[in-house]
>>> print(open('query-v1.cif').read())   # mmCIF, C-alpha atoms and all ligand atoms
data_run
#
loop_
_atom_site.label_atom_id
_atom_site.label_comp_id
_atom_site.auth_asym_id
_atom_site.auth_seq_id
_atom_site.Cartn_x
_atom_site.Cartn_y
_atom_site.Cartn_z
CA MET A 16 8.46 15.30 -13.34
CA ARG A 17 10.68 12.66 -11.71
CA ILE A 18 9.25 9.64 -9.88
CA ALA A 19 11.67 7.62 -7.71
CA ILE A 20 10.85 3.92 -7.35
CA PRO A 21 12.74 1.06 -5.65
CA ASN A 22 15.58 -0.30 -7.80
CA LYS A 23 15.28 -3.80 -6.29
CA GLY A 24 13.74 -5.65 -3.36
CA ARG A 25 10.11 -6.42 -2.63
CA LEU A 26 8.63 -3.18 -3.89
CA HIS A 27 10.41 -3.00 -7.27
CA ASP A 28 8.25 -5.33 -9.39
CA PRO A 29 4.87 -4.22 -8.03
CA ALA A 30 5.84 -0.54 -8.46
CA VAL A 31 6.87 -1.04 -12.11
CA ASP A 32 3.75 -3.12 -12.71
CA LEU A 33 1.47 -0.46 -11.22
CA LEU A 34 2.99 2.34 -13.31
CA ASP A 35 2.65 0.13 -16.37
CA ARG A 36 -1.02 -0.57 -15.73
CA ALA A 37 -1.57 3.15 -15.18
CA GLY A 38 -0.26 3.73 -18.70
CA ILE A 39 3.09 5.14 -17.52
CA HIS A 40 5.17 2.61 -19.47
CA VAL A 41 8.92 2.63 -19.00
CA VAL A 42 10.79 2.78 -22.30
CA ASP A 43 14.34 1.50 -22.83
CA GLY A 44 13.97 -0.44 -19.59
CA GLU A 45 17.26 -2.21 -19.14
CA ASP A 46 18.37 -3.93 -15.94
CA ARG A 47 20.52 -2.08 -13.45
CA GLN A 48 19.91 1.36 -14.90
CA LEU A 49 19.54 4.42 -12.70
CA TYR A 50 16.82 6.20 -14.60
CA ALA A 51 14.46 5.62 -17.49
CA ASP A 52 12.16 7.61 -19.75
CA THR A 53 8.50 6.80 -20.00
CA VAL A 54 5.99 7.08 -22.83
CA ASP A 55 5.05 10.44 -21.27
CA PRO A 56 7.81 12.93 -22.14
CA GLU A 57 7.03 14.80 -18.91
CA ILE A 58 7.74 11.77 -16.68
CA THR A 59 11.13 10.21 -15.86
CA ILE A 60 11.65 7.28 -13.50
CA LEU A 61 14.60 7.18 -11.06
CA PHE A 62 15.59 3.84 -9.52
CA ALA A 63 16.80 4.21 -5.93
CA ARG A 64 16.94 2.15 -2.73
CA ALA A 65 13.59 2.00 -0.97
CA ALA A 66 15.16 3.53 2.15
CA ASP A 67 16.65 6.48 0.23
CA ILE A 68 13.50 7.50 -1.64
CA PRO A 69 12.09 9.89 1.03
CA GLU A 70 15.47 11.67 1.05
CA TYR A 71 15.46 11.91 -2.77
CA ILE A 72 12.08 13.63 -2.57
CA ALA A 73 13.09 15.91 0.31
CA ASP A 74 16.20 17.02 -1.61
CA GLY A 75 14.20 17.70 -4.76
CA ALA A 76 16.09 15.01 -6.71
CA ALA A 77 12.66 13.45 -7.27
CA ASP A 78 9.25 15.10 -7.17
CA LEU A 79 7.27 11.95 -6.40
CA GLY A 80 8.27 8.55 -5.05
CA ILE A 81 6.96 5.08 -4.34
CA THR A 82 8.25 3.40 -1.19
CA GLY A 83 7.10 1.85 2.08
CA PHE A 84 5.26 3.98 4.62
CA ASP A 85 7.81 2.63 7.13
CA GLN A 86 10.65 4.18 5.14
CA ALA A 87 8.97 7.60 5.18
CA GLN A 88 8.43 7.32 8.94
CA GLU A 89 12.07 6.39 9.40
CA ALA A 90 13.35 9.27 7.24
CA ASP A 91 10.92 11.68 8.96
CA CYS A 92 11.12 14.43 6.32
CA ASP A 93 8.45 17.11 6.91
CA VAL A 94 8.23 18.06 3.24
CA VAL A 95 7.47 14.48 2.06
CA LYS A 96 3.71 13.90 2.05
CA PRO A 97 1.87 10.60 1.50
CA LEU A 98 -0.64 10.91 -1.35
CA LEU A 99 -2.01 7.42 -1.93
CA ASP A 100 -1.94 3.97 -0.31
CA LEU A 101 -0.90 1.64 -3.14
CA GLU A 102 -2.14 -1.53 -1.40
CA PHE A 103 0.99 -3.64 -1.83
CA GLY A 104 4.03 -4.24 0.42
CA GLN A 105 1.80 -4.68 3.46
CA CYS A 106 3.83 -5.44 6.56
CA ARG A 107 4.19 -4.53 10.22
CA ILE A 108 7.13 -3.26 12.23
CA VAL A 109 7.22 -5.10 15.54
CA VAL A 110 9.37 -5.57 18.62
CA ALA A 111 10.40 -9.24 18.93
CA ALA A 112 12.43 -11.17 21.49
CA PRO A 113 13.57 -14.82 21.82
CA GLU A 114 10.69 -17.25 22.42
CA GLU A 115 10.73 -18.62 25.96
CA GLY A 116 13.18 -15.93 27.10
CA GLU A 117 12.70 -13.51 30.02
CA ILE A 118 11.66 -10.63 27.75
CA THR A 119 7.91 -10.73 27.17
CA ASP A 120 7.01 -7.06 27.38
CA ILE A 121 8.58 -3.84 26.05
CA GLN A 122 9.05 -2.72 29.69
CA ASP A 123 11.47 -5.64 30.16
CA LEU A 124 13.84 -3.90 27.73
CA ASN A 125 14.83 -1.10 30.12
CA GLY A 126 18.64 -0.99 30.11
CA LYS A 127 18.78 -3.67 27.37
CA THR A 128 19.92 -3.62 23.74
CA VAL A 129 17.67 -3.55 20.66
CA ALA A 130 18.94 -4.15 17.10
CA THR A 131 17.15 -2.61 14.12
CA GLU A 132 17.29 -1.23 10.59
CA PHE A 133 14.89 1.46 11.83
CA PRO A 134 16.72 3.43 14.56
CA HIS A 135 14.55 6.55 14.30
CA ILE A 136 11.23 4.69 14.52
CA THR A 137 12.63 2.56 17.34
CA LYS A 138 13.89 5.54 19.35
CA LYS A 139 10.50 7.24 19.06
CA HIS A 140 8.58 4.10 20.01
CA PHE A 141 10.73 3.35 23.05
CA ALA A 142 10.65 6.97 24.21
CA ALA A 143 6.84 6.96 24.00
CA ALA A 144 6.77 3.76 26.07
CA GLY A 145 9.16 5.31 28.61
CA VAL A 146 11.72 2.56 28.05
CA ASP A 147 15.41 3.39 27.98
CA ALA A 148 17.12 0.86 25.67
CA GLU A 149 20.35 1.01 23.73
CA ILE A 150 19.76 0.90 19.97
CA VAL A 151 22.19 -0.92 17.69
CA GLU A 152 21.79 -0.17 13.99
CA VAL A 153 22.18 -3.03 11.51
CA THR A 154 21.48 -3.11 7.77
CA GLY A 155 19.91 -6.55 7.42
CA ALA A 156 19.50 -10.05 8.91
CA THR A 157 18.33 -8.34 12.11
CA GLU A 158 16.71 -11.60 13.28
CA LEU A 159 20.14 -13.10 13.87
CA THR A 160 21.31 -10.54 16.43
CA PRO A 161 19.56 -11.93 19.57
CA HIS A 162 21.20 -15.31 18.92
CA VAL A 163 24.75 -13.95 18.83
CA GLU A 164 24.45 -11.80 21.98
CA MET A 165 24.39 -8.59 19.94
CA ALA A 166 20.93 -7.66 21.16
CA ASP A 167 18.20 -8.69 23.61
CA ALA A 168 15.43 -7.90 21.14
CA ILE A 169 14.85 -6.54 17.64
CA VAL A 170 12.57 -4.06 15.90
CA ASP A 171 11.95 -5.40 12.41
CA ILE A 172 9.54 -6.00 9.55
CA THR A 173 7.20 -8.97 9.60
CA SER A 174 4.47 -10.01 7.19
CA THR A 175 3.81 -13.75 7.12
CA GLY A 176 5.77 -14.24 10.37
CA THR A 177 7.93 -16.97 8.82
CA THR A 178 11.27 -15.26 9.39
CA LEU A 179 10.49 -14.60 13.07
CA ALA A 180 9.31 -18.20 13.59
CA VAL A 181 12.36 -19.68 11.87
CA ASN A 182 14.56 -17.59 14.16
CA ARG A 183 12.47 -18.52 17.25
CA LEU A 184 11.46 -14.93 17.97
CA ALA A 185 8.10 -13.87 19.41
CA ILE A 186 6.35 -10.52 18.87
CA ILE A 187 6.12 -8.59 22.16
CA ASP A 188 4.89 -5.23 20.83
CA GLU A 189 3.49 -3.58 17.68
CA VAL A 190 5.19 -0.45 16.35
CA LEU A 191 3.48 0.43 13.07
CA GLU A 192 1.66 -0.90 10.02
CA SER A 193 3.06 -0.17 6.59
CA SER A 194 2.28 -0.52 2.90
CA ALA A 195 3.72 1.07 -0.22
CA HIS A 196 2.52 4.62 -0.77
CA LEU A 197 2.89 7.32 -3.40
CA PHE A 198 4.70 10.27 -1.81
CA ALA A 199 5.12 13.82 -3.08
CA HIS A 200 7.26 16.80 -2.16
CA GLU A 201 4.93 19.40 -0.64
CA ASP A 202 5.94 21.88 -3.37
CA VAL A 203 4.37 19.72 -6.09
CA LEU A 204 1.24 18.68 -4.17
CA ASN A 205 -0.99 20.96 -6.26
CA ASP A 206 0.75 20.47 -9.61
CA ARG A 207 -1.36 19.39 -12.55
CA LYS A 208 1.06 16.54 -13.28
CA THR A 209 0.97 15.28 -9.67
CA SER A 210 -2.84 15.06 -9.85
CA GLU A 211 -2.65 13.28 -13.21
CA ILE A 212 -0.27 10.64 -11.87
CA ASP A 213 -2.17 10.27 -8.60
CA ARG A 214 -5.44 9.81 -10.51
CA ALA A 215 -3.89 7.32 -12.93
CA LEU A 216 -2.57 5.11 -10.11
CA GLU A 217 -5.83 5.41 -8.20
CA SER A 218 -7.78 4.31 -11.28
CA VAL A 219 -5.78 1.07 -11.41
CA LEU A 220 -6.46 0.38 -7.72
CA ALA A 221 -10.16 1.19 -8.14
CA ALA A 222 -10.42 -1.24 -11.07
CA GLU A 223 -8.58 -4.03 -9.28
CA ASP A 224 -11.43 -5.11 -7.03
CA ARG A 225 -14.29 -4.46 -9.48
CA ARG A 226 -15.65 -6.41 -12.44
CA TYR A 227 -17.65 -5.39 -15.50
CA LEU A 228 -20.83 -7.42 -15.79
CA MET A 229 -22.89 -7.76 -18.99
CA LEU A 230 -26.06 -9.81 -19.34
CA ASN A 231 -29.39 -10.16 -21.10
CA ALA A 232 -32.58 -10.48 -19.09
CA PRO A 233 -36.38 -10.24 -19.44
CA ALA A 234 -37.37 -6.55 -19.31
CA ALA A 235 -40.13 -7.48 -16.88
CA ASN A 236 -37.55 -8.43 -14.24
CA LEU A 237 -35.50 -5.23 -14.53
CA GLU A 238 -36.51 -3.72 -11.20
CA ARG A 239 -35.52 -6.84 -9.26
CA ILE A 240 -32.25 -7.09 -11.22
CA LYS A 241 -31.43 -3.49 -10.31
CA GLU A 242 -31.59 -4.51 -6.66
CA VAL A 243 -28.99 -7.22 -7.31
CA ILE A 244 -26.60 -4.96 -9.25
CA PRO A 245 -27.01 -1.33 -8.27
CA GLY A 246 -23.79 -0.56 -10.21
CA MET A 247 -22.09 2.79 -9.90
CA GLY A 248 -25.00 5.18 -10.18
CA GLY A 249 -27.22 2.47 -11.69
CA PRO A 250 -26.69 -0.09 -14.43
CA THR A 251 -26.81 0.81 -18.14
CA VAL A 252 -29.92 -0.73 -19.70
CA MET A 253 -30.43 -1.17 -23.46
CA ASP A 254 -33.45 -2.58 -25.28
CA ILE A 255 -32.77 -5.55 -27.53
CA ALA A 256 -34.70 -4.96 -30.76
CA ASP A 257 -37.87 -7.01 -31.37
CA THR A 258 -37.69 -8.95 -28.09
CA ASP A 259 -38.91 -8.53 -24.53
CA GLN A 260 -35.28 -8.67 -23.40
CA VAL A 261 -32.88 -5.96 -22.24
CA ALA A 262 -29.07 -5.91 -22.18
CA ILE A 263 -27.66 -4.73 -18.86
CA HIS A 264 -24.12 -3.51 -18.12
CA ALA A 265 -22.82 -2.69 -14.64
CA VAL A 266 -19.64 -2.36 -12.55
CA VAL A 267 -19.79 -4.52 -9.43
CA PRO A 268 -17.40 -5.25 -6.55
CA GLU A 269 -15.45 -8.45 -7.26
CA SER A 270 -16.52 -9.83 -3.90
CA GLU A 271 -20.17 -9.69 -4.97
CA VAL A 272 -19.86 -11.33 -8.40
CA PHE A 273 -20.50 -14.89 -7.21
CA ARG A 274 -23.63 -13.98 -5.25
CA ALA A 275 -24.88 -11.66 -8.02
CA VAL A 276 -24.61 -14.32 -10.76
CA THR A 277 -26.65 -16.81 -8.74
CA ARG A 278 -29.41 -14.25 -8.17
CA LEU A 279 -29.31 -13.00 -11.79
CA LYS A 280 -29.81 -16.56 -13.08
CA ALA A 281 -32.84 -16.82 -10.81
CA GLU A 282 -34.21 -13.66 -12.49
CA GLY A 283 -33.87 -15.25 -15.93
CA ALA A 284 -30.56 -13.66 -16.96
CA THR A 285 -28.68 -15.25 -19.88
CA ASP A 286 -25.36 -14.65 -21.66
CA ILE A 287 -23.73 -13.31 -18.52
CA LEU A 288 -20.25 -11.96 -19.28
CA ILE A 289 -17.82 -10.96 -16.52
CA THR A 290 -14.63 -9.14 -17.44
CA GLU A 291 -11.76 -7.48 -15.62
CA ILE A 292 -11.45 -3.71 -15.79
CA GLU A 293 -8.11 -2.16 -16.65
CA ARG A 294 -8.69 1.26 -15.16
CA LEU A 295 -11.62 3.06 -13.61
CA VAL A 296 -11.53 6.84 -13.48
CA GLU A 297 -14.25 8.03 -11.11
N1 LIG A 301 8.22 -9.25 4.15
C1 LIG A 301 7.70 -8.15 3.66
N2 LIG A 301 6.41 -8.11 3.29
C2 LIG A 301 5.88 -6.98 2.79
N3 LIG A 301 6.57 -5.84 2.61
C3 LIG A 301 7.85 -5.83 2.95
C4 LIG A 301 8.49 -6.98 3.48
N4 LIG A 301 9.78 -6.70 3.71
C5 LIG A 301 9.92 -5.41 3.33
N5 LIG A 301 8.78 -4.88 2.89
C6 LIG A 301 8.55 -3.50 2.41
O1 LIG A 301 9.52 -3.24 1.41
C7 LIG A 301 10.36 -2.16 1.80
C8 LIG A 301 11.75 -2.43 1.27
O2 LIG A 301 12.27 -3.63 1.79
P1 LIG A 301 13.19 -4.59 0.93
O3 LIG A 301 13.67 -5.64 1.82
O4 LIG A 301 12.48 -4.97 -0.32
O5 LIG A 301 14.28 -3.59 0.45
P2 LIG A 301 15.68 -3.28 0.99
O6 LIG A 301 15.89 -3.91 2.34
O7 LIG A 301 15.86 -1.81 0.81
O8 LIG A 301 16.48 -3.97 -0.15
P3 LIG A 301 17.51 -5.15 -0.03
O9 LIG A 301 17.09 -5.97 1.16
O10 LIG A 301 17.30 -5.85 -1.35
O11 LIG A 301 18.79 -4.44 0.10
C9 LIG A 301 10.25 -2.14 3.31
O12 LIG A 301 10.59 -0.87 3.82
C10 LIG A 301 8.80 -2.48 3.53
O13 LIG A 301 7.99 -1.35 3.32
O1 LIG A 302 7.33 -12.22 7.97
P1 LIG A 302 8.05 -12.64 6.71
O2 LIG A 302 7.11 -12.96 5.60
O3 LIG A 302 9.02 -13.74 6.97
O4 LIG A 302 8.87 -11.37 6.17
C1 LIG A 302 9.77 -10.68 6.99
C2 LIG A 302 11.12 -10.55 6.37
O5 LIG A 302 11.03 -9.90 5.09
C3 LIG A 302 12.02 -8.88 5.01
O6 LIG A 302 13.22 -9.37 4.58
P2 LIG A 302 13.56 -9.63 3.02
O7 LIG A 302 12.99 -10.95 2.60
O8 LIG A 302 13.16 -8.44 2.23
O9 LIG A 302 15.11 -9.81 3.03
P3 LIG A 302 16.23 -8.75 3.42
O10 LIG A 302 16.50 -9.00 4.87
O11 LIG A 302 17.34 -9.08 2.51
O12 LIG A 302 15.68 -7.39 3.17
C4 LIG A 302 12.17 -8.43 6.46
O13 LIG A 302 13.41 -7.78 6.69
C5 LIG A 302 12.01 -9.71 7.26
O14 LIG A 302 13.24 -10.34 7.44
MG MG A 303 15.14 -5.86 3.11
#
>>> encode(input="query-v1.cif", output="C-alpha cells")
Amino acid sequence: MRIAIPNKGRLHDPAVDLLDRAGIHVVDGEDRQLYADTVDPEITILFARAADIPEYIADGAADLGITGFDQAQEADCDVVKPLLDLEFGQCRIVVAAPEEGEITDIQDLNGKTVATEFPHITKKHFAAAGVDAEIVEVTGATELTPHVEMADAIVDITSTGTTLAVNRLAIIDEVLESSAHLFAHEDVLNDRKTSEIDRALESVLAAEDRRYLMLNAPAANLERIKEVIPGMGGPTVMDIADTDQVAIHAVVPESEVFRAVTRLKAEGATDILITEIERLVE
C-alpha cells in the first residue's frame, strides 16, 4: 500500500511525525527522496507536493494520502474520499481585499479580478454568490497581487492572519475551513490495510488529548473518587496488600487533569502519577 505525503512545506514534518508515532516508521529516510520504505513491508511512502496528492490518489499512483482538505476540494476528484481529520494544518481560505479600499463585500467584485492559487474553489464560491469575476491563477505570494494592479482581491490561505495584515489586506468573505486529512481512493476504502492505517493514526490522535492517571487513595473514599475520574468505562481499582488503601488507574481528558488532581488530593489521594499516552486504541 502506498501513502503519499507532502515532500515539503507546512504539512511535511507533522505528517512524518504522525506516521512515526503511529508506528509507521520510515526507514532509509534521506532528504529529497521521492519514496521510502517503512518498517511495515506492506507500506511505502511517496513524497509529493501537497497540491498533487489528490491527483496521485485519483490516478492510483498512491492508495492513501495526507494533504490539506483545501487541496482535495481544489482537485475535486470524486474517487478521493476523506477518511480522518488529522488535526494539524488548520487554516481558512478567505476572500481578502485592500484595507480601506472600495471593496468590502464579495458583491463589489462583479466585473473585477481575483488572484488565487485555488481557481477551482474560487470559481465555485463566486458562482454560488452570483458574482462574475475574472480569476487570475498564481502559484504563490498571492498577497502581493492587489498592490501591483494584478488583482482587486485575492482568495488565499490564512491562519494567524499575519500575512494578510502585513500586506494590509482585510478579509471580506469566508470560503472554507481546512485541516490536514487522511484521504483514500474509494477502491481501497474497505481494505484491511486501509483500516489498519486509519486506526493507527486515530489512536495517536485519541491519545494526544488524554493522560494516564495513577494514584493511591483510602478505599473508603473510592465512590467519591470515581465521580472525579470516571475514566473510560470506569477506573481500574487494585487493593494494596495489608492496608486500607487502593491503587487507582484511569484515562482522563488532558483538560480535566488540573481540576481532577485538586479534587483527588481533597479525597486523600497520594502518589499521584500523570503520564502521557503514546497510542490509545478504542
Ligand atoms: N499558514 C498556514 N497555516 C496552516 N496550514 C497551512 C498554512 N498554509 C498552508 N497550509 C496548509 O498546507 C497546505 C500546503 O501548503 P504549503 O504552503 O505548505 O505547501 P505548498 O504551497 O504546496 O509548498 P511550497 O509553498 O513549499 O511550494 C495547504 O494546502 C494548507 O492545507
Ligand atoms: O495567516 P498566516 O499565519 O500569515 O499564514 C498564511 C500564509 O501561509 C501560507 O504561506 P506559506 O508560509 O506556506 O508560504 P508560501 O506562500 O511559500 O506557501 C499561505 O499561503 C499564506 O501566505
Ligand atoms: Mg504555500
>>> residues_around(input="query-v1.cif", residues="Ile287 in chain A", least_positions_apart="5", cutoff="10 Å", atoms="all atoms listed in the file", output="ChimeraX atom specification")
/A:228-232,262-264,276,279-280
>>> residues_around(input="query-v1.cif", residues="Glu132 in chain A", least_positions_apart="2", cutoff="12 Å", atoms="only C-alpha atoms", output="number ranges by chain")
A: 66, 85-86, 89-90, 108-109, 129-130, 134-138, 150-158, 160, 169-172
>>> write_last_selection(input="query-v1.cif", atoms="C-alpha atoms", output="mmCIF file, keeping the file's coordinate frame")
data_model
loop_
_atom_site.group_PDB
_atom_site.id
_atom_site.type_symbol
_atom_site.label_atom_id
_atom_site.label_comp_id
_atom_site.auth_asym_id
_atom_site.auth_seq_id
_atom_site.Cartn_x
_atom_site.Cartn_y
_atom_site.Cartn_z
ATOM 1 C CA ALA A 66 15.160 3.530 2.150
ATOM 2 C CA ASP A 85 7.810 2.630 7.130
ATOM 3 C CA GLN A 86 10.650 4.180 5.140
ATOM 4 C CA GLU A 89 12.070 6.390 9.400
ATOM 5 C CA ALA A 90 13.350 9.270 7.240
ATOM 6 C CA ILE A 108 7.130 -3.260 12.230
ATOM 7 C CA VAL A 109 7.220 -5.100 15.540
ATOM 8 C CA VAL A 129 17.670 -3.550 20.660
ATOM 9 C CA ALA A 130 18.940 -4.150 17.100
ATOM 10 C CA PRO A 134 16.720 3.430 14.560
ATOM 11 C CA HIS A 135 14.550 6.550 14.300
ATOM 12 C CA ILE A 136 11.230 4.690 14.520
ATOM 13 C CA THR A 137 12.630 2.560 17.340
ATOM 14 C CA LYS A 138 13.890 5.540 19.350
ATOM 15 C CA ILE A 150 19.760 0.900 19.970
ATOM 16 C CA VAL A 151 22.190 -0.920 17.690
ATOM 17 C CA GLU A 152 21.790 -0.170 13.990
ATOM 18 C CA VAL A 153 22.180 -3.030 11.510
ATOM 19 C CA THR A 154 21.480 -3.110 7.770
ATOM 20 C CA GLY A 155 19.910 -6.550 7.420
ATOM 21 C CA ALA A 156 19.500 -10.050 8.910
ATOM 22 C CA THR A 157 18.330 -8.340 12.110
ATOM 23 C CA GLU A 158 16.710 -11.600 13.280
ATOM 24 C CA THR A 160 21.310 -10.540 16.430
ATOM 25 C CA ILE A 169 14.850 -6.540 17.640
ATOM 26 C CA VAL A 170 12.570 -4.060 15.900
ATOM 27 C CA ASP A 171 11.950 -5.400 12.410
ATOM 28 C CA ILE A 172 9.540 -6.000 9.550
#
>>> closest_residue(input="query-v1.cif", among="A:Asp254, A:Glu291, A:Glu115, A:Asp286", to="Glu269 in chain A", atoms="all atoms listed in the file")
A:Glu291
>>> closest_residue(input="query-v1.cif", among="A:Gly104, A:Gly75, A:Gly80, A:Pro29", to="ligand MG 303 (chain A)", atoms="all atoms listed in the file")
A:Gly104
>>> axis_aligned_box(input="query-v1.cif", around="ligand LIG 301 (chain A)", padding_each_side="3 Å", output="lines of an AutoDock Vina configuration file")
center_x = 12.3
center_y = -5.1
center_z = 1.4
size_x = 18.9
size_y = 14.4
size_z = 11.5
>>> atom_distance(input="query-v1.cif", atom1="CA of Val266 in chain A", atom2="CA of Met253 in chain A")
15.4 Å
>>> closest_residue(input="query-v1.cif", among="A:Leu197, A:Ala65, A:Ala142, A:Ala51", to="ligand LIG 302 (chain A)", atoms="all atoms listed in the file")
A:Ala65
>>> atom_distance(input="query-v1.cif", atom1="atom P3 of ligand LIG 301 (chain A)", atom2="CA of Ile58 in chain A")
25.7 Å
>>> closest_residue(input="query-v1.cif", among="A:Ile60, A:Ala215, A:Leu101, A:Ala87", to="Arg294 in chain A", atoms="all atoms listed in the file")
A:Ala215
>>> closest_residue(input="query-v1.cif", among="A:Asn205, A:Thr131, A:Gln260, A:Gln88", to="ligand MG 303 (chain A)", atoms="only C-alpha atoms and all ligand atoms")
A:Thr131
>>> atom_distance(input="query-v1.cif", atom1="CA of Val203 in chain A", atom2="CA of Ser218 in chain A")
20.3 Å
>>> closest_residue(input="query-v1.cif", among="A:Leu79, A:Val190, A:Ile118, A:Ala195", to="ligand LIG 301 (chain A)", atoms="only C-alpha atoms and all ligand atoms")
A:Ala195
>>> residues_around(input="query-v1.cif", residues="Leu34 in chain A", least_positions_apart="6", cutoff="9 Å", atoms="all atoms listed in the file", output="CSV table (one decimal) with C-alpha atoms, in the frame of the given file")
chain,number,residue,atom,x,y,z
A,40,HIS,CA,5.2,2.6,-19.5
A,41,VAL,CA,8.9,2.6,-19.0
A,215,ALA,CA,-3.9,7.3,-12.9
A,216,LEU,CA,-2.6,5.1,-10.1
>>> residues_around(input="query-v1.cif", residues="Val219 in chain A", least_positions_apart="5", cutoff="8 Å", atoms="only C-alpha atoms", output="list of chain:residue names")
A:Leu33, A:Arg36, A:Ala37, A:Glu293, A:Arg294, A:Leu295
>>> residues_around(input="query-v1.cif", residues="Tyr71 in chain A", least_positions_apart="6", cutoff="10 Å", atoms="all atoms listed in the file", output="PyMOL selection string")
chain A and resi 18-19+61+63-64+77-80+95+200
>>> write_last_selection(input="query-v1.cif", atoms="C-alpha atoms", output="PDB file, in the frame of the given file")
ATOM      1  CA  ILE A  18       9.250   9.640  -9.880  1.00  0.00           C
ATOM      2  CA  ALA A  19      11.670   7.620  -7.710  1.00  0.00           C
ATOM      3  CA  LEU A  61      14.600   7.180 -11.060  1.00  0.00           C
ATOM      4  CA  ALA A  63      16.800   4.210  -5.930  1.00  0.00           C
ATOM      5  CA  ARG A  64      16.940   2.150  -2.730  1.00  0.00           C
ATOM      6  CA  ALA A  77      12.660  13.450  -7.270  1.00  0.00           C
ATOM      7  CA  ASP A  78       9.250  15.100  -7.170  1.00  0.00           C
ATOM      8  CA  LEU A  79       7.270  11.950  -6.400  1.00  0.00           C
ATOM      9  CA  GLY A  80       8.270   8.550  -5.050  1.00  0.00           C
ATOM     10  CA  VAL A  95       7.470  14.480   2.060  1.00  0.00           C
ATOM     11  CA  HIS A 200       7.260  16.800  -2.160  1.00  0.00           C
TER      12      HIS A 200
END
>>> residues_near_point(input="query-v1.cif", point="(-17.5, -2.2, -8.9)", cutoff="12 Å", atoms="only C-alpha atoms", output="JSON, numbers by chain")
{"A": [218, 220, 221, 222, 223, 224, 225, 226, 227, 228, 244, 245, 246, 247, 248, 249, 250, 264, 265, 266, 267, 268, 269, 270, 271, 272, 289, 290, 291, 292, 294, 295, 296, 297]}
>>> write_last_selection(input="query-v1.cif", atoms="C-alpha atoms", output="PDB file, in the frame of the given file")
ATOM      1  CA  SER A 218      -7.780   4.310 -11.280  1.00  0.00           C
ATOM      2  CA  LEU A 220      -6.460   0.380  -7.720  1.00  0.00           C
ATOM      3  CA  ALA A 221     -10.160   1.190  -8.140  1.00  0.00           C
ATOM      4  CA  ALA A 222     -10.420  -1.240 -11.070  1.00  0.00           C
ATOM      5  CA  GLU A 223      -8.580  -4.030  -9.280  1.00  0.00           C
ATOM      6  CA  ASP A 224     -11.430  -5.110  -7.030  1.00  0.00           C
ATOM      7  CA  ARG A 225     -14.290  -4.460  -9.480  1.00  0.00           C
ATOM      8  CA  ARG A 226     -15.650  -6.410 -12.440  1.00  0.00           C
ATOM      9  CA  TYR A 227     -17.650  -5.390 -15.500  1.00  0.00           C
ATOM     10  CA  LEU A 228     -20.830  -7.420 -15.790  1.00  0.00           C
ATOM     11  CA  ILE A 244     -26.600  -4.960  -9.250  1.00  0.00           C
ATOM     12  CA  PRO A 245     -27.010  -1.330  -8.270  1.00  0.00           C
ATOM     13  CA  GLY A 246     -23.790  -0.560 -10.210  1.00  0.00           C
ATOM     14  CA  MET A 247     -22.090   2.790  -9.900  1.00  0.00           C
ATOM     15  CA  GLY A 248     -25.000   5.180 -10.180  1.00  0.00           C
ATOM     16  CA  GLY A 249     -27.220   2.470 -11.690  1.00  0.00           C
ATOM     17  CA  PRO A 250     -26.690  -0.090 -14.430  1.00  0.00           C
ATOM     18  CA  HIS A 264     -24.120  -3.510 -18.120  1.00  0.00           C
ATOM     19  CA  ALA A 265     -22.820  -2.690 -14.640  1.00  0.00           C
ATOM     20  CA  VAL A 266     -19.640  -2.360 -12.550  1.00  0.00           C
ATOM     21  CA  VAL A 267     -19.790  -4.520  -9.430  1.00  0.00           C
ATOM     22  CA  PRO A 268     -17.400  -5.250  -6.550  1.00  0.00           C
ATOM     23  CA  GLU A 269     -15.450  -8.450  -7.260  1.00  0.00           C
ATOM     24  CA  SER A 270     -16.520  -9.830  -3.900  1.00  0.00           C
ATOM     25  CA  GLU A 271     -20.170  -9.690  -4.970  1.00  0.00           C
ATOM     26  CA  VAL A 272     -19.860 -11.330  -8.400  1.00  0.00           C
ATOM     27  CA  ILE A 289     -17.820 -10.960 -16.520  1.00  0.00           C
ATOM     28  CA  THR A 290     -14.630  -9.140 -17.440  1.00  0.00           C
ATOM     29  CA  GLU A 291     -11.760  -7.480 -15.620  1.00  0.00           C
ATOM     30  CA  ILE A 292     -11.450  -3.710 -15.790  1.00  0.00           C
ATOM     31  CA  ARG A 294      -8.690   1.260 -15.160  1.00  0.00           C
ATOM     32  CA  LEU A 295     -11.620   3.060 -13.610  1.00  0.00           C
ATOM     33  CA  VAL A 296     -11.530   6.840 -13.480  1.00  0.00           C
ATOM     34  CA  GLU A 297     -14.250   8.030 -11.110  1.00  0.00           C
TER      35      GLU A 297
END
